[in-house]
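The block underneath contains the structure these notes are about, expressed in structure tokens.
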Amino acid sequence: MKYIAVILTAFSVVFASGSVSAAGDGAKGKKVFNKCRACHSVAAGVNKIGPSLNGIFGRTAGSWKKKNGKLFPFSSAMKKAGKRDKPLVWTEETLKKYLAAPRKFVPGNRMPFPGLKKAADRDNLMAYLKKATK
């Protein structure tokens, strides 16, 4: 019985730690964003090769419009991701999955970025984007 209690305690610690989202460090995230800066801006309405990330949280994939009201020229894969039965909406969770492997998460998208392999980089980037894109 003692061993069962130890095993259950260990499982509860593992599951609890796995479900808690890492807070991330916004200052480190700003440095991670340097990998994104050539193609993306966090300023409202400032598009580069990629769309502005301002207001990204809660946005449906493939729906960003330019200042002139025209839809940003997303790939057909990204537009389709936003129009599925269950549309892709950018949340911290979906952005982390996308940024880990963009071409796998939305096959056929045009973003040439290979992804952020380190979970800490994705956590830090989310902390930065939460503040910088409001």
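Following the order of the structure tokens, first chain is A, next is B, and so on, with residues numbered from 1 inside each chain and ligands from 1 in the order they appear.
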
Residues at most 12 Å from A:Gly24, counting only C-alpha atoms, excluding those fewer than 2 positions away in the same chain, as a PyMOL selection string?
chain A and resi 20-22+26-30+32+92+119-131

Convert the current residue selection to file output with N, CA and C atoms, as a PDB file, in the first residue's frame.
ATOM      1  N   VAL A  20       0.445  22.793 -16.068  1.00  0.00           N
ATOM      2  CA  VAL A  20       0.653  24.190 -15.739  1.00  0.00           C
ATOM      3  C   VAL A  20       1.502  24.813 -16.835  1.00  0.00           C
ATOM      4  N   SER A  21       1.024  25.862 -17.416  1.00  0.00           N
ATOM      5  CA  SER A  21       1.744  26.534 -18.478  1.00  0.00           C
ATOM      6  C   SER A  21       2.906  27.328 -17.900  1.00  0.00           C
ATOM      7  N   ALA A  22       4.052  27.213 -18.551  1.00  0.00           N
ATOM      8  CA  ALA A  22       5.200  27.995 -18.118  1.00  0.00           C
ATOM      9  C   ALA A  22       4.914  29.465 -18.406  1.00  0.00           C
ATOM     10  N   GLY A  26       9.270  37.695 -20.784  1.00  0.00           N
ATOM     11  CA  GLY A  26       9.041  38.616 -21.896  1.00  0.00           C
ATOM     12  C   GLY A  26      10.309  39.243 -22.449  1.00  0.00           C
ATOM     13  N   ALA A  27      11.288  39.527 -21.577  1.00  0.00           N
ATOM     14  CA  ALA A  27      12.552  40.118 -22.045  1.00  0.00           C
ATOM     15  C   ALA A  27      13.304  39.126 -22.929  1.00  0.00           C
ATOM     16  N   LYS A  28      13.315  37.869 -22.518  1.00  0.00           N
ATOM     17  CA  LYS A  28      13.949  36.839 -23.353  1.00  0.00           C
ATOM     18  C   LYS A  28      13.138  36.618 -24.624  1.00  0.00           C
ATOM     19  N   GLY A  29      11.820  36.731 -24.500  1.00  0.00           N
ATOM     20  CA  GLY A  29      10.945  36.568 -25.653  1.00  0.00           C
ATOM     21  C   GLY A  29      11.167  37.639 -26.703  1.00  0.00           C
ATOM     22  N   LYS A  30      11.493  38.845 -26.261  1.00  0.00           N
ATOM     23  CA  LYS A  30      11.782  39.933 -27.199  1.00  0.00           C
ATOM     24  C   LYS A  30      13.008  39.580 -28.038  1.00  0.00           C
ATOM     25  N   VAL A  32      13.945  36.465 -28.695  1.00  0.00           N
ATOM     26  CA  VAL A  32      13.498  35.389 -29.585  1.00  0.00           C
ATOM     27  C   VAL A  32      12.771  35.997 -30.785  1.00  0.00           C
ATOM     28  N   GLU A  92      -2.479  30.990 -27.229  1.00  0.00           N
ATOM     29  CA  GLU A  92      -1.123  30.653 -26.800  1.00  0.00           C
ATOM     30  C   GLU A  92      -0.803  29.201 -27.169  1.00  0.00           C
ATOM     31  N   ALA A 119      11.112  24.573 -26.204  1.00  0.00           N
ATOM     32  CA  ALA A 119       9.856  24.979 -25.558  1.00  0.00           C
ATOM     33  C   ALA A 119      10.048  26.285 -24.787  1.00  0.00           C
ATOM     34  N   ALA A 120      11.211  26.480 -24.191  1.00  0.00           N
ATOM     35  CA  ALA A 120      11.478  27.714 -23.435  1.00  0.00           C
ATOM     36  C   ALA A 120      11.416  28.930 -24.359  1.00  0.00           C
ATOM     37  N   ASP A 121      11.923  28.793 -25.582  1.00  0.00           N
ATOM     38  CA  ASP A 121      11.850  29.907 -26.542  1.00  0.00           C
ATOM     39  C   ASP A 121      10.401  30.233 -26.876  1.00  0.00           C
ATOM     40  N   ARG A 122       9.591  29.200 -27.068  1.00  0.00           N
ATOM     41  CA  ARG A 122       8.168  29.433 -27.375  1.00  0.00           C
ATOM     42  C   ARG A 122       7.453  30.066 -26.184  1.00  0.00           C
ATOM     43  N   ASP A 123       7.748  29.610 -24.971  1.00  0.00           N
ATOM     44  CA  ASP A 123       7.146  30.188 -23.767  1.00  0.00           C
ATOM     45  C   ASP A 123       7.535  31.658 -23.631  1.00  0.00           C
ATOM     46  N   ASN A 124       8.818  31.943 -23.827  1.00  0.00           N
ATOM     47  CA  ASN A 124       9.296  33.322 -23.706  1.00  0.00           C
ATOM     48  C   ASN A 124       8.695  34.210 -24.799  1.00  0.00           C
ATOM     49  N   LEU A 125       8.594  33.689 -26.006  1.00  0.00           N
ATOM     50  CA  LEU A 125       7.995  34.460 -27.097  1.00  0.00           C
ATOM     51  C   LEU A 125       6.534  34.773 -26.793  1.00  0.00           C
ATOM     52  N   MET A 126       5.800  33.814 -26.242  1.00  0.00           N
ATOM     53  CA  MET A 126       4.389  34.056 -25.890  1.00  0.00           C
ATOM     54  C   MET A 126       4.283  35.161 -24.847  1.00  0.00           C
ATOM     55  N   ALA A 127       5.177  35.143 -23.858  1.00  0.00           N
ATOM     56  CA  ALA A 127       5.159  36.188 -22.823  1.00  0.00           C
ATOM     57  C   ALA A 127       5.374  37.560 -23.466  1.00  0.00           C
ATOM     58  N   TYR A 128       6.296  37.643 -24.406  1.00  0.00           N
ATOM     59  CA  TYR A 128       6.548  38.904 -25.108  1.00  0.00           C
ATOM     60  C   TYR A 128       5.351  39.316 -25.955  1.00  0.00           C
ATOM     61  N   LEU A 129       4.828  38.387 -26.754  1.00  0.00           N
ATOM     62  CA  LEU A 129       3.731  38.717 -27.660  1.00  0.00           C
ATOM     63  C   LEU A 129       2.462  39.119 -26.925  1.00  0.00           C
ATOM     64  N   LYS A 130       2.213  38.530 -25.774  1.00  0.00           N
ATOM     65  CA  LYS A 130       1.000  38.879 -25.001  1.00  0.00           C
ATOM     66  C   LYS A 130       0.983  40.364 -24.666  1.00  0.00           C
ATOM     67  N   LYS A 131       2.153  40.930 -24.401  1.00  0.00           N
ATOM     68  CA  LYS A 131       2.222  42.353 -24.063  1.00  0.00           C
ATOM     69  C   LYS A 131       2.381  43.223 -25.306  1.00  0.00           C
TER      70      LYS A 131
END

Distance table requested - stretch 11-88 of chain A against stretch 104-114 of chain A, cut-off 9 Å, only C-alpha atoms: one row per qualifying residue with the closest atom pair and its distance in Å to one decimal, ordered by chain and rising residue number, as JSON lines.
{"residue": "A:Lys35", "atom": "CA", "partner": "A:Phe113", "partner_atom": "CA", "distance": 8.9}
{"residue": "A:Cys36", "atom": "CA", "partner": "A:Phe113", "partner_atom": "CA", "distance": 8.5}
{"residue": "A:Gly50", "atom": "CA", "partner": "A:Met111", "partner_atom": "CA", "distance": 8.0}
{"residue": "A:Phe74", "atom": "CA", "partner": "A:Arg110", "partner_atom": "CA", "distance": 8.0}
{"residue": "A:Ser75", "atom": "CA", "partner": "A:Asn109", "partner_atom": "CA", "distance": 5.6}
{"residue": "A:Ser76", "atom": "CA", "partner": "A:Asn109", "partner_atom": "CA", "distance": 7.4}
{"residue": "A:Ala77", "atom": "CA", "partner": "A:Asn109", "partner_atom": "CA", "distance": 5.3}
{"residue": "A:Met78", "atom": "CA", "partner": "A:Asn109", "partner_atom": "CA", "distance": 5.8}
{"residue": "A:Ala81", "atom": "CA", "partner": "A:Val106", "partner_atom": "CA", "distance": 7.3}

Mind dumping the selected residues with C-alpha atoms as a compact mmCIF listing (two decimals), in the first residue's frame?
# COMPACT_ATOMS: atom_id res chain seq x y z
CA LYS A 35 14.02 35.65 -35.46
CA CYS A 36 10.54 36.82 -36.52
CA GLY A 50 4.15 38.29 -43.14
CA PHE A 74 -2.27 34.33 -47.08
CA SER A 75 -1.53 30.92 -48.56
CA SER A 76 -4.58 28.87 -49.47
CA ALA A 77 -3.57 26.45 -46.68
CA MET A 78 -3.74 29.21 -44.06
CA ALA A 81 -7.25 26.50 -41.72

Who sits within 12 Å of A:Lys48, only C-alpha atoms, same chain under 6 positions skipped, as a PyMOL selection string:
chain A and resi 36-42+66+72-73

Convert the current residue selection to file output with N, CA and C atoms, as a PDB file, in the first residue's frame.
ATOM      1  N   CYS A  36      11.815  36.583 -35.824  1.00  0.00           N
ATOM      2  CA  CYS A  36      10.543  36.816 -36.520  1.00  0.00           C
ATOM      3  C   CYS A  36      10.481  38.202 -37.164  1.00  0.00           C
ATOM      4  N   ARG A  37      11.277  39.116 -36.645  1.00  0.00           N
ATOM      5  CA  ARG A  37      11.207  40.547 -36.962  1.00  0.00           C
ATOM      6  C   ARG A  37      11.379  40.872 -38.444  1.00  0.00           C
ATOM      7  N   ALA A  38      12.153  40.090 -39.157  1.00  0.00           N
ATOM      8  CA  ALA A  38      12.375  40.392 -40.577  1.00  0.00           C
ATOM      9  C   ALA A  38      11.077  40.287 -41.377  1.00  0.00           C
ATOM     10  N   CYS A  39      10.167  39.421 -40.924  1.00  0.00           N
ATOM     11  CA  CYS A  39       8.933  39.185 -41.676  1.00  0.00           C
ATOM     12  C   CYS A  39       7.670  39.692 -40.987  1.00  0.00           C
ATOM     13  N   HIS A  40       7.725  39.892 -39.675  1.00  0.00           N
ATOM     14  CA  HIS A  40       6.526  40.269 -38.912  1.00  0.00           C
ATOM     15  C   HIS A  40       6.781  41.491 -38.041  1.00  0.00           C
ATOM     16  N   SER A  41       5.731  42.248 -37.816  1.00  0.00           N
ATOM     17  CA  SER A  41       5.747  43.389 -36.914  1.00  0.00           C
ATOM     18  C   SER A  41       4.728  43.145 -35.808  1.00  0.00           C
ATOM     19  N   VAL A  42       4.928  43.779 -34.659  1.00  0.00           N
ATOM     20  CA  VAL A  42       3.920  43.714 -33.593  1.00  0.00           C
ATOM     21  C   VAL A  42       3.075  44.986 -33.587  1.00  0.00           C
ATOM     22  N   LYS A  66      -5.328  44.183 -44.229  1.00  0.00           N
ATOM     23  CA  LYS A  66      -4.414  45.316 -44.285  1.00  0.00           C
ATOM     24  C   LYS A  66      -5.162  46.592 -43.908  1.00  0.00           C
ATOM     25  N   PHE A  72      -4.889  40.170 -46.182  1.00  0.00           N
ATOM     26  CA  PHE A  72      -3.472  39.899 -46.388  1.00  0.00           C
ATOM     27  C   PHE A  72      -3.378  38.681 -47.324  1.00  0.00           C
ATOM     28  N   PRO A  73      -2.406  38.617 -48.216  1.00  0.00           N
ATOM     29  CA  PRO A  73      -2.329  37.495 -49.178  1.00  0.00           C
ATOM     30  C   PRO A  73      -1.806  36.193 -48.552  1.00  0.00           C
TER      31      PRO A  73
END

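In this comparison, which uses only C-alpha atoms, the residue of A:Gly55, A:Lys134, A:Asp25, A:Gly45 approaching A:Lys70 most closely is A:Gly45.
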